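Content type mmCIF, C-alpha atoms and all ligand atoms, from the file protein-v5.cif:
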data_query
#
loop_
_atom_site.label_atom_id
_atom_site.label_comp_id
_atom_site.auth_asym_id
_atom_site.auth_seq_id
_atom_site.Cartn_x
_atom_site.Cartn_y
_atom_site.Cartn_z
CA MET A 1 41.16 -87.75 225.07
CA LYS A 2 40.37 -84.05 224.96
CA LEU A 3 41.91 -83.81 221.52
CA PHE A 4 39.74 -86.69 220.32
CA VAL A 5 36.56 -84.95 221.57
CA LEU A 6 37.61 -81.71 219.95
CA LEU A 7 38.34 -83.45 216.67
CA SER A 8 35.02 -85.29 216.78
CA LEU A 9 33.15 -82.04 217.38
CA ALA A 10 34.99 -80.34 214.54
CA PHE A 11 34.18 -83.23 212.23
CA ALA A 12 30.50 -83.17 213.20
CA GLY A 13 30.47 -79.43 212.47
CA ILE A 14 31.94 -79.93 209.02
CA LYS A 15 29.42 -82.71 208.31
CA ALA A 16 26.52 -80.50 209.35
CA LEU A 17 27.77 -77.76 207.04
CA ALA A 18 28.06 -80.22 204.19
CA HIS A 19 24.48 -81.45 204.71
CA PRO A 20 22.53 -78.33 205.71
CA ALA A 21 19.20 -79.88 204.62
CA GLN A 22 19.53 -82.52 207.31
CA ASP A 23 19.71 -79.83 209.96
CA THR A 24 16.29 -78.52 209.12
CA PHE A 25 14.56 -81.70 208.07
CA LEU A 26 15.66 -85.09 209.25
CA ASP A 27 12.76 -87.27 208.21
CA VAL A 28 13.31 -87.84 204.49
CA PRO A 29 12.22 -91.40 203.67
CA ALA A 30 14.09 -93.94 201.56
CA SER A 31 13.48 -93.45 197.85
CA VAL A 32 10.85 -95.60 196.16
CA ASP A 33 12.02 -94.09 192.87
CA ALA A 34 15.51 -95.52 193.38
CA LYS A 35 13.93 -98.96 193.58
CA PHE A 36 11.83 -98.37 190.48
CA LYS A 37 14.93 -97.14 188.63
CA LYS A 38 16.53 -100.55 189.09
CA HIS A 39 13.73 -101.83 186.86
CA GLY A 40 14.08 -98.98 184.36
CA LYS A 41 10.89 -97.33 185.63
CA TYR A 42 10.08 -94.10 187.52
CA PHE A 43 8.04 -93.29 190.60
CA GLY A 44 6.58 -89.79 190.40
CA VAL A 45 4.18 -87.39 192.08
CA ALA A 46 1.76 -84.63 191.10
CA THR A 47 2.65 -81.26 192.52
CA ASP A 48 2.88 -77.58 191.56
CA ILE A 49 4.71 -74.35 192.37
CA LYS A 50 3.00 -73.69 195.71
CA LEU A 51 3.92 -77.08 197.15
CA LEU A 52 7.36 -77.09 195.56
CA LYS A 53 8.05 -73.86 197.42
CA GLU A 54 7.27 -75.55 200.76
CA GLU A 55 10.59 -76.78 202.06
CA LYS A 56 9.49 -80.11 203.52
CA ASN A 57 7.35 -81.02 200.53
CA ALA A 58 10.16 -80.24 198.13
CA ALA A 59 12.74 -82.10 200.24
CA ILE A 60 10.67 -85.30 200.17
CA ILE A 61 9.92 -85.03 196.46
CA ALA A 62 13.58 -84.35 195.69
CA ALA A 63 14.78 -87.31 197.75
CA ALA A 64 12.22 -90.00 197.12
CA PHE A 65 10.63 -89.43 193.68
CA GLY A 66 11.90 -89.34 190.12
CA ALA A 67 9.13 -87.62 188.16
CA VAL A 68 6.69 -84.74 188.57
CA THR A 69 3.36 -83.95 186.92
CA PRO A 70 1.88 -80.45 187.28
CA GLU A 71 -1.41 -81.11 189.08
CA ASN A 72 -3.10 -78.03 187.60
CA SER A 73 -0.68 -75.51 186.10
CA MET A 74 -0.53 -76.96 182.57
CA LYS A 75 -4.29 -77.32 182.18
CA TRP A 76 -5.90 -75.13 179.57
CA ASP A 77 -7.64 -72.71 181.98
CA SER A 78 -4.34 -72.13 183.73
CA LEU A 79 -2.05 -72.05 180.70
CA GLU A 80 -4.19 -70.08 178.26
CA PRO A 81 -7.06 -68.51 180.22
CA LYS A 82 -7.53 -65.86 177.51
CA ILE A 83 -7.03 -66.43 173.83
CA ASN A 84 -3.35 -66.60 172.90
CA ALA A 85 -2.26 -65.12 176.25
CA PHE A 86 -0.21 -67.90 177.83
CA GLN A 87 0.71 -67.92 181.53
CA TRP A 88 4.09 -69.55 181.93
CA ALA A 89 5.25 -68.67 185.44
CA TRP A 90 3.82 -71.70 187.30
CA PRO A 91 4.62 -74.45 184.78
CA ASP A 92 8.05 -72.90 184.11
CA TYR A 93 8.83 -73.17 187.81
CA LEU A 94 7.92 -76.87 187.88
CA VAL A 95 9.84 -77.71 184.71
CA GLN A 96 12.91 -75.90 185.98
CA TRP A 97 12.65 -77.53 189.41
CA ALA A 98 12.48 -80.93 187.74
CA GLY A 99 15.55 -80.14 185.63
CA ASN A 100 17.48 -78.96 188.68
CA HIS A 101 16.66 -82.20 190.48
CA SER A 102 17.18 -84.55 187.51
CA GLN A 103 13.53 -85.53 187.45
CA ILE A 104 11.39 -86.17 184.40
CA VAL A 105 8.12 -84.33 183.74
CA ARG A 106 4.75 -85.62 182.54
CA GLY A 107 2.83 -82.81 180.84
CA HIS A 108 -0.87 -82.70 181.77
CA THR A 109 -3.05 -82.00 179.70
CA PHE A 110 -4.30 -80.60 176.37
CA VAL A 111 -7.64 -81.83 174.99
CA TRP A 112 -9.97 -82.24 177.96
CA HIS A 113 -13.58 -81.25 178.66
CA SER A 114 -12.76 -79.93 182.12
CA GLN A 115 -10.73 -76.92 183.28
CA LEU A 116 -11.35 -75.60 179.79
CA PRO A 117 -12.09 -71.85 179.58
CA ASP A 118 -15.47 -70.67 178.29
CA TRP A 119 -13.88 -68.93 175.34
CA VAL A 120 -12.87 -72.38 174.02
CA LYS A 121 -16.10 -74.13 175.05
CA ASN A 122 -18.13 -71.51 173.19
CA ILE A 123 -16.39 -71.88 169.83
CA LYS A 124 -18.93 -73.09 167.27
CA ASP A 125 -16.82 -73.09 164.13
CA LYS A 126 -14.75 -76.21 163.40
CA ALA A 127 -11.96 -74.40 161.54
CA GLU A 128 -11.61 -71.90 164.38
CA LEU A 129 -11.55 -74.65 167.02
CA THR A 130 -8.88 -76.49 165.03
CA THR A 131 -6.71 -73.36 164.84
CA VAL A 132 -7.10 -72.81 168.57
CA MET A 133 -6.32 -76.44 169.48
CA LYS A 134 -3.25 -76.57 167.25
CA ARG A 135 -1.90 -73.25 168.53
CA HIS A 136 -2.36 -74.35 172.13
CA ILE A 137 -0.53 -77.65 171.60
CA ASN A 138 2.20 -76.15 169.44
CA THR A 139 2.89 -73.28 171.83
CA ALA A 140 3.15 -75.40 174.98
CA MET A 141 5.08 -78.25 173.40
CA GLY A 142 7.34 -75.80 171.61
CA ARG A 143 8.25 -73.99 174.83
CA TYR A 144 9.10 -77.19 176.67
CA LYS A 145 10.54 -79.15 173.78
CA GLY A 146 13.07 -81.68 175.04
CA LYS A 147 12.10 -81.04 178.68
CA ILE A 148 8.91 -83.07 178.93
CA TYR A 149 9.08 -86.85 178.84
CA ALA A 150 5.41 -87.46 178.01
CA TRP A 151 2.24 -85.44 177.40
CA ASP A 152 -1.34 -86.38 178.18
CA VAL A 153 -2.57 -85.18 174.80
CA VAL A 154 -6.17 -86.34 175.26
CA ASN A 155 -7.74 -86.74 178.69
CA GLU A 156 -10.97 -88.43 179.81
CA MET A 157 -12.72 -88.54 176.43
CA PHE A 158 -14.86 -91.59 177.26
CA LYS A 159 -18.00 -91.67 179.39
CA ASP A 160 -18.17 -93.89 182.42
CA GLY A 161 -20.64 -96.73 182.17
CA ASN A 162 -20.97 -97.44 178.47
CA GLY A 163 -17.63 -95.99 177.36
CA GLU A 164 -19.24 -93.84 174.67
CA LEU A 165 -17.82 -90.46 173.70
CA ARG A 166 -18.17 -87.89 176.45
CA ASP A 167 -20.09 -84.71 175.57
CA SER A 168 -17.75 -81.77 175.12
CA VAL A 169 -16.99 -79.03 172.64
CA TRP A 170 -14.50 -81.49 171.14
CA SER A 171 -16.96 -84.35 170.57
CA LYS A 172 -19.73 -81.97 169.49
CA THR A 173 -17.48 -80.48 166.84
CA TYR A 174 -15.56 -83.51 165.56
CA GLY A 175 -17.13 -86.72 166.86
CA ASP A 176 -13.92 -88.55 167.79
CA GLY A 177 -12.01 -86.87 164.93
CA PHE A 178 -10.20 -84.55 167.38
CA VAL A 179 -8.00 -87.48 168.43
CA LYS A 180 -6.24 -87.61 165.06
CA ILE A 181 -5.76 -83.84 164.89
CA ALA A 182 -4.48 -83.57 168.46
CA PHE A 183 -1.98 -86.43 168.27
CA GLU A 184 -0.67 -85.51 164.82
CA THR A 185 -0.18 -81.92 165.95
CA ALA A 186 1.61 -83.06 169.09
CA ARG A 187 3.91 -85.44 167.21
CA ALA A 188 4.94 -82.67 164.82
CA ALA A 189 5.52 -80.23 167.69
CA ASP A 190 7.96 -82.46 169.62
CA SER A 191 8.82 -85.71 167.90
CA LYS A 192 10.61 -87.10 170.97
CA ALA A 193 7.87 -86.62 173.56
CA LYS A 194 5.74 -89.68 174.30
CA LEU A 195 2.10 -89.01 173.52
CA TYR A 196 -0.57 -90.41 175.83
CA ILE A 197 -4.28 -90.87 175.98
CA ASN A 198 -5.27 -90.80 179.64
CA ASP A 199 -8.43 -91.79 181.52
CA PHE A 200 -9.88 -92.95 184.85
CA ASN A 201 -11.99 -96.02 185.71
CA LEU A 202 -9.82 -98.26 183.56
CA ASP A 203 -9.32 -100.35 186.67
CA GLN A 204 -11.19 -103.54 185.78
CA LEU A 205 -10.64 -105.36 182.51
CA ASN A 206 -14.25 -106.19 181.83
CA ASN A 207 -15.74 -102.76 182.28
CA ALA A 208 -17.08 -101.12 179.13
CA LYS A 209 -14.77 -98.12 179.31
CA THR A 210 -11.60 -100.26 179.57
CA GLN A 211 -12.75 -102.34 176.61
CA LYS A 212 -13.58 -99.23 174.61
CA MET A 213 -10.15 -97.72 175.31
CA ILE A 214 -8.44 -100.93 174.19
CA SER A 215 -10.41 -101.32 170.97
CA LYS A 216 -10.32 -97.64 169.96
CA VAL A 217 -6.59 -97.23 170.61
CA LYS A 218 -5.92 -100.37 168.57
CA GLU A 219 -8.03 -98.96 165.74
CA TRP A 220 -6.43 -95.49 165.90
CA ARG A 221 -2.89 -96.85 165.97
CA ALA A 222 -3.65 -99.17 163.03
CA ALA A 223 -4.82 -96.06 161.17
CA GLY A 224 -1.46 -94.41 161.86
CA ILE A 225 -2.48 -92.01 164.63
CA PRO A 226 0.67 -91.50 166.75
CA ILE A 227 -0.50 -92.64 170.18
CA ASP A 228 2.52 -93.91 172.15
CA GLY A 229 0.89 -94.69 175.44
CA ILE A 230 -2.20 -95.23 177.54
CA GLY A 231 -2.33 -93.65 180.98
CA SER A 232 -4.47 -95.37 183.55
CA GLN A 233 -5.19 -92.75 186.20
CA ALA A 234 -6.01 -95.26 188.95
CA HIS A 235 -8.09 -93.27 191.42
CA LEU A 236 -8.99 -96.42 193.30
CA LYS A 237 -11.57 -97.39 195.86
CA PRO A 238 -10.82 -100.09 198.44
CA GLY A 239 -11.01 -103.52 196.80
CA GLN A 240 -10.22 -102.32 193.28
CA ALA A 241 -6.49 -103.06 193.44
CA ALA A 242 -7.19 -106.79 193.03
CA GLY A 243 -8.38 -106.64 189.42
CA PHE A 244 -6.17 -103.72 188.47
CA GLY A 245 -3.23 -105.75 187.15
CA ALA A 246 -5.34 -107.66 184.61
CA ALA A 247 -6.86 -104.42 183.34
CA LEU A 248 -3.46 -102.74 183.04
CA LYS A 249 -2.10 -105.72 181.13
CA GLY A 250 -4.95 -105.45 178.63
CA LEU A 251 -4.33 -101.74 178.14
CA CYS A 252 -0.54 -102.03 177.89
CA ALA A 253 -0.84 -104.78 175.26
CA VAL A 254 -2.09 -102.39 172.57
CA VAL A 255 0.51 -99.60 172.93
CA PRO A 256 4.31 -99.29 172.94
CA GLU A 257 4.19 -98.07 176.54
CA CYS A 258 1.80 -97.40 179.39
CA ALA A 259 1.83 -95.78 182.82
CA ILE A 260 -0.18 -95.37 185.99
CA THR A 261 -0.63 -91.63 185.93
CA GLU A 262 -2.67 -90.45 188.95
CA LEU A 263 -2.59 -93.17 191.58
CA ASP A 264 -4.40 -92.71 194.87
CA ILE A 265 -6.29 -95.33 196.88
CA GLU A 266 -9.05 -94.48 199.37
CA GLY A 267 -7.75 -95.40 202.82
CA ALA A 268 -4.22 -96.01 201.42
CA LYS A 269 -4.06 -99.64 202.51
CA ALA A 270 -0.46 -100.86 202.37
CA GLU A 271 -1.27 -104.14 200.57
CA GLU A 272 -3.31 -102.33 197.93
CA TYR A 273 -0.49 -99.91 197.10
CA ALA A 274 1.90 -102.86 196.90
CA THR A 275 -0.48 -104.75 194.58
CA VAL A 276 -0.70 -101.80 192.19
CA ALA A 277 3.07 -101.29 192.21
CA LYS A 278 3.58 -104.96 191.39
CA ALA A 279 1.08 -104.68 188.54
CA CYS A 280 3.33 -102.10 186.85
CA LEU A 281 6.54 -103.97 187.68
CA ASP A 282 5.14 -107.16 186.15
CA ILE A 283 4.41 -105.48 182.83
CA LYS A 284 7.49 -104.80 180.78
CA ASN A 285 6.23 -101.70 178.96
CA CYS A 286 4.67 -100.07 182.04
CA VAL A 287 7.18 -97.25 182.37
CA GLY A 288 6.23 -95.89 185.78
CA ILE A 289 3.77 -94.78 188.41
CA THR A 290 2.74 -91.26 189.43
CA VAL A 291 0.83 -90.73 192.67
CA TRP A 292 -1.67 -87.88 192.63
CA GLY A 293 -0.15 -85.74 195.37
CA LEU A 294 2.22 -86.15 198.30
CA ARG A 295 0.29 -85.50 201.55
CA ASP A 296 -3.34 -86.29 202.35
CA PRO A 297 -4.30 -82.71 203.24
CA ASP A 298 -3.25 -81.61 199.73
CA SER A 299 -5.24 -84.33 197.95
CA TRP A 300 -8.22 -83.50 195.70
CA ARG A 301 -10.13 -86.00 197.88
CA LYS A 302 -8.45 -85.38 201.23
CA GLU A 303 -11.37 -86.79 203.25
CA LYS A 304 -10.49 -90.25 201.86
CA THR A 305 -6.84 -90.03 203.03
CA PRO A 306 -5.66 -91.74 199.82
CA LEU A 307 -1.99 -90.66 199.65
CA LEU A 308 1.34 -91.94 200.95
CA PHE A 309 2.16 -89.13 203.40
CA GLY A 310 0.17 -87.68 206.27
CA ALA A 311 -0.22 -84.06 207.37
CA ASP A 312 2.91 -84.50 209.53
CA TYR A 313 5.03 -85.22 206.40
CA LYS A 314 5.64 -88.76 207.69
CA ALA A 315 5.44 -91.69 205.30
CA LYS A 316 2.40 -93.88 205.96
CA PRO A 317 2.69 -97.72 206.13
CA ALA A 318 1.98 -97.96 202.39
CA TRP A 319 5.36 -96.32 201.72
CA ASN A 320 7.23 -99.19 203.37
CA ALA A 321 5.00 -101.65 201.58
CA LEU A 322 6.13 -100.08 198.30
CA LEU A 323 9.79 -100.24 199.31
CA ASN A 324 9.34 -103.92 200.13
CA ALA A 325 7.28 -104.71 197.04
CA VAL A 326 10.00 -103.50 194.68
CA GLN A 327 13.18 -105.53 194.90
O1 LIG B 401 -6.15 -82.78 191.57
C1 LIG B 401 -6.76 -81.85 190.70
C2 LIG B 401 -7.50 -80.80 191.51
O2 LIG B 401 -6.60 -80.00 192.25
C3 LIG B 401 -8.35 -79.95 190.59
O3 LIG B 401 -9.15 -79.06 191.36
C4 LIG B 401 -9.21 -80.83 189.71
C5 LIG B 401 -10.04 -80.00 188.78
O4 LIG B 401 -10.61 -80.72 187.77
O5 LIG B 401 -8.38 -81.71 188.97
C6 LIG B 401 -7.70 -82.60 189.78
O6 LIG B 401 -6.94 -83.50 188.99
C7 LIG B 401 -7.68 -84.33 188.11
C8 LIG B 401 -6.79 -84.61 186.92
O7 LIG B 401 -6.34 -83.42 186.34
C9 LIG B 401 -7.51 -85.45 185.87
N1 LIG B 401 -8.01 -86.66 186.46
C10 LIG B 401 -8.80 -86.53 187.67
C11 LIG B 401 -8.01 -85.71 188.71
C12 LIG B 401 -8.79 -85.63 190.02
O8 LIG B 401 -9.97 -84.93 189.87
#
Take the structure in the file and write it out as structure tokens.
Ligand code: 9MR
Amino acid sequence: MKLFVLLSLAFAGIKALAHPAQDTFLDVPASVDAKFKKHGKYFGVATDIKLLKEEKNAAIIAAAFGAVTPENSMKWDSLEPKINAFQWAWPDYLVQWAGNHSQIVRGHTFVWHSQLPDWVKNIKDKAELTTVMKRHINTAMGRYKGKIYAWDVVNEMFKDGNGELRDSVWSKTYGDGFVKIAFETARAADSKAKLYINDFNLDQLNNAKTQKMISKVKEWRAAGIPIDGIGSQAHLKPGQAAGFGAALKGLCAVVPECAITELDIEGAKAEEYATVAKACLDIKNCVGITVWGLRDPDSWRKEKTPLLFGADYKAKPAWNALLNAVQ
């Protein structure tokens, strides 16, 4: 008897040594990504160096997700705050972390009106702006060639409401001509990376912006512009999940692939998360879903508690709903 107890204790000790992470953090949830993988899709999360260096955050992301998007560190003001002086430390950390954990990376983002430094916004000369845009894209895509699954090459170029071109240094200088330059530059820089146009409020099929995205992407692709995918950000309000699937279907129909790139839902209702997950699962070329952050307190709209994990690092009911929604 005594020998049995001794042996059991010794075995438990060896097990604890073999799984040191479980000693410090026992509450890692079942992987939604593993379920998505069965369908050839990924389930990812936006994060960055600071959160990846927090042990519990990183443990959950490592165990339950399959893709990461840098929430801020690859945006222009972070990557190239001063002309031709690139800051690699933060995005390098994320890309390396992803590699170490066999996760894919979505690069976010190049041509955007926001988080764009004044030195770019103030450029008046078209030739100069073109040089600057091309150098920015070439430098970032060159550094991470082969390590980034997809890039959001153009972000949020359409206005809400009527879906017209949003005012920015890009539209002021080129009309919508920057789309061709940006995508052709990106294709030449890394021919294997998937190139996306990304936007929010594409959540209902009949809204003007969704329709504009569909018709313009069709037109651009017919003209040979290398757009591989549409990203629907999906920052949803309660009630919007219902029409989301029809909208996504319309968007995905005009591109080789599509993705839900920044999902969060105000209130994080379990059924609404499940509805959105099913929307992607039901569409063959929807390659995956990224949620825009792990825990509510780290969300860009934390007061709406839109994410899948609470401050206590515990999965909310929507997590189980996702596990059940994906067979
Ligand atoms: O979540 C991001 C937040 O930390 C930043 O302060 C903010 C600045 O613009 O950008 C947030 O992410 C945005 C994303 O890059 C593009 N789509 C909308 C997202 C939420 O604002």
Please write out the residues within 10 Å of ligand LIG 401 (chain B) as number ranges by chain, counting only C-alpha atoms and all ligand atoms. A: 46-48, 69-75, 108-109, 112-116, 152, 155-156, 198-200, 232-235, 261-264, 292-293, 298-301
Residues within 9 Å of Ala277 (chain A), all atoms listed in the file, excluding chain neighbours under 5 positions, as a PyMOL selection string: chain A and resi 272+282+288-289+322+325-326
Atom pair CA of Tyr42 (chain A) / CA of Val179 (chain A): separation (Å): 27.1 Å
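The gap separating CA of Trp90 (chain A) from CA of Leu51 (chain A) is 11.2 Å, in Å to one decimal.
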If we count only C-alpha atoms and set the cut-off at 10 Å, which residues sit around Ala318 (chain A), ignoring sequence neighbours fewer than 3 positions away in its own chain? Please answer as a PyMOL selection string. chain A and resi 268-274+307-309+315+321-324
Computed gap from CA of Gly66 (chain A) to CA of Ala34 (chain A) is 7.9 Å
Extract, using all atoms listed in the file, all DNA, RNA and protein residues at most 9 Å from region 26-33 of chain A, discarding same-chain residues fewer than 4 positions from it, and format them as number ranges by chain. A: 21-22, 37-38, 41-44, 56, 59-60, 63-67, 313-315, 319-320, 322-323, 326
Resulting file, chosen residues, C-alpha atoms, as a short mmCIF file (atom, residue, chain, number, x, y, z; two decimals), in the coordinates of the input:
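Dumped everything to again19.cif:
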data_model
loop_
_atom_site.label_atom_id
_atom_site.label_comp_id
_atom_site.auth_asym_id
_atom_site.auth_seq_id
_atom_site.Cartn_x
_atom_site.Cartn_y
_atom_site.Cartn_z
CA ALA A 21 19.20 -79.88 204.62
CA GLN A 22 19.53 -82.52 207.31
CA LYS A 37 14.93 -97.14 188.63
CA LYS A 38 16.53 -100.55 189.09
CA LYS A 41 10.89 -97.33 185.63
CA TYR A 42 10.08 -94.10 187.52
CA PHE A 43 8.04 -93.29 190.60
CA GLY A 44 6.58 -89.79 190.40
CA LYS A 56 9.49 -80.11 203.52
CA ALA A 59 12.74 -82.10 200.24
CA ILE A 60 10.67 -85.30 200.17
CA ALA A 63 14.78 -87.31 197.75
CA ALA A 64 12.22 -90.00 197.12
CA PHE A 65 10.63 -89.43 193.68
CA GLY A 66 11.90 -89.34 190.12
CA ALA A 67 9.13 -87.62 188.16
CA TYR A 313 5.03 -85.22 206.40
CA LYS A 314 5.64 -88.76 207.69
CA ALA A 315 5.44 -91.69 205.30
CA TRP A 319 5.36 -96.32 201.72
CA ASN A 320 7.23 -99.19 203.37
CA LEU A 322 6.13 -100.08 198.30
CA LEU A 323 9.79 -100.24 199.31
CA VAL A 326 10.00 -103.50 194.68
#
Need to verify the contact set: Ala242 (chain A), 9 Å, only C-alpha atoms, exclusion of same-chain residues closer than 4 positions in sequence. Can you return it as JSON, numbers by chain? {"A": [204, 246, 272, 275, 276]}
I'd like to know which of A:Val154, A:Ile181, A:Leu195, A:Ile148 is closest to Gln103 (chain A), using all atoms listed in the file. A:Ile148
Residue among A:Pro317, A:Gly245, A:Gly163, A:Pro256 lying closest to Lys216 (chain A), counting only C-alpha atoms: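 Among the listed residues, the smallest separation from Lys216 (chain A) belongs to A:Gly163.
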Hey, what's within 12 Å of Lys145 (chain A) if we count all atoms listed in the file and toss same-chain stuff fewer than 2 positions away? As a ChimeraX atom specification, please? /A:95,105,107,137-143,147-151,186-194
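Only residues having an atom at most 10 Å from (3.3, -98.5, 175.1) are included; using only C-alpha atoms, these are Lys194, Leu195, Tyr196, Ile227, Asp228, Gly229, Ile230, Gly231, Leu251, Cys252, Ala253, Val254, Val255, Pro256, Glu257, Cys258, Ala259, Lys284, Asn285, Cys286 and Val287 of chain A.
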Which residues of region 159-201 of chain A come within 10 Å of region 122-128 of chain A, and what is each one's closest atom pair and distance in Å (one decimal), counting all atoms listed in the file, sorted by chain and residue number, as CSV?
residue,atom,partner,partner_atom,distance
A:Val169,CA,A:Asn122,CA,7.6
A:Trp170,CA,A:Lys126,CA,9.4
A:Lys172,CA,A:Lys124,CA,9.2
A:Thr173,CA,A:Lys126,CA,6.1
A:Tyr174,CA,A:Lys126,CA,7.7
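If you measure from each of A:Phe110, A:Asp118, A:Asn100, A:Asn57 to Lys82 (chain A) using all atoms listed in the file, the closest one turns out to be A:Asp118.
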Taking (-8.2, -90.1, 165.1) in the file's coordinates, which residues come within 9 Å, counting only C-alpha atoms, written as a ChimeraX atom specification? /A:176-184,219-221,223-225
What would region 68-75 of chain A look like with all heavy atoms restored, written as a CSV table (one decimal), keeping the file's coordinate frame?
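Contents of out-v2.csv, as written:
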chain,number,residue,atom,x,y,z
A,68,VAL,N,7.8,-85.6,188.1
A,68,VAL,CA,6.7,-84.7,188.6
A,68,VAL,C,5.7,-84.5,187.4
A,68,VAL,O,6.1,-84.4,186.3
A,68,VAL,CB,7.2,-83.4,189.1
A,68,VAL,CG1,7.8,-83.6,190.5
A,68,VAL,CG2,8.2,-82.7,188.2
A,69,THR,N,4.4,-84.4,187.8
A,69,THR,CA,3.4,-84.0,186.9
A,69,THR,C,2.7,-82.7,187.5
A,69,THR,O,2.4,-82.7,188.7
A,69,THR,CB,2.3,-85.0,186.8
A,69,THR,OG1,2.8,-86.2,186.4
A,69,THR,CG2,1.1,-84.6,185.9
A,70,PRO,N,2.6,-81.6,186.7
A,70,PRO,CA,1.9,-80.4,187.3
A,70,PRO,C,0.4,-80.8,187.5
A,70,PRO,O,-0.3,-81.2,186.6
A,70,PRO,CB,2.0,-79.4,186.2
A,70,PRO,CG,2.3,-80.2,184.9
A,70,PRO,CD,3.0,-81.4,185.3
A,71,GLU,N,0.0,-80.7,188.8
A,71,GLU,CA,-1.4,-81.1,189.1
A,71,GLU,C,-2.4,-80.2,188.4
A,71,GLU,O,-3.5,-80.7,188.0
A,71,GLU,CB,-1.6,-81.1,190.6
A,71,GLU,CG,-3.0,-81.6,191.0
A,71,GLU,CD,-3.1,-81.9,192.5
A,71,GLU,OE1,-2.2,-81.6,193.3
A,71,GLU,OE2,-4.2,-82.3,192.9
A,72,ASN,N,-2.1,-78.9,188.2
A,72,ASN,CA,-3.1,-78.0,187.6
A,72,ASN,C,-2.5,-77.0,186.6
A,72,ASN,O,-3.2,-76.5,185.8
A,72,ASN,CB,-3.9,-77.3,188.7
A,72,ASN,CG,-4.9,-78.2,189.4
A,72,ASN,OD1,-5.8,-78.7,188.8
A,72,ASN,ND2,-4.7,-78.4,190.7
A,73,SER,N,-1.2,-76.7,186.8
A,73,SER,CA,-0.7,-75.5,186.1
A,73,SER,C,-0.5,-75.6,184.6
A,73,SER,O,-0.2,-74.6,183.9
A,73,SER,CB,0.7,-75.1,186.7
A,73,SER,OG,1.6,-76.1,186.5
A,74,MET,N,-0.6,-76.8,184.0
A,74,MET,CA,-0.5,-77.0,182.6
A,74,MET,C,-1.9,-77.2,182.0
A,74,MET,O,-2.0,-77.6,180.8
A,74,MET,CB,0.5,-78.0,182.2
A,74,MET,CG,1.9,-77.6,182.3
A,74,MET,SD,3.0,-78.9,181.6
A,74,MET,CE,4.6,-78.3,182.2
A,75,LYS,N,-3.0,-77.1,182.8
A,75,LYS,CA,-4.3,-77.3,182.2
A,75,LYS,C,-4.7,-76.1,181.4
A,75,LYS,O,-4.2,-75.0,181.7
A,75,LYS,CB,-5.3,-77.6,183.3
A,75,LYS,CG,-5.0,-79.0,183.9
A,75,LYS,CD,-5.8,-79.2,185.2
A,75,LYS,CE,-5.6,-80.6,185.8
A,75,LYS,NZ,-6.3,-80.8,187.0
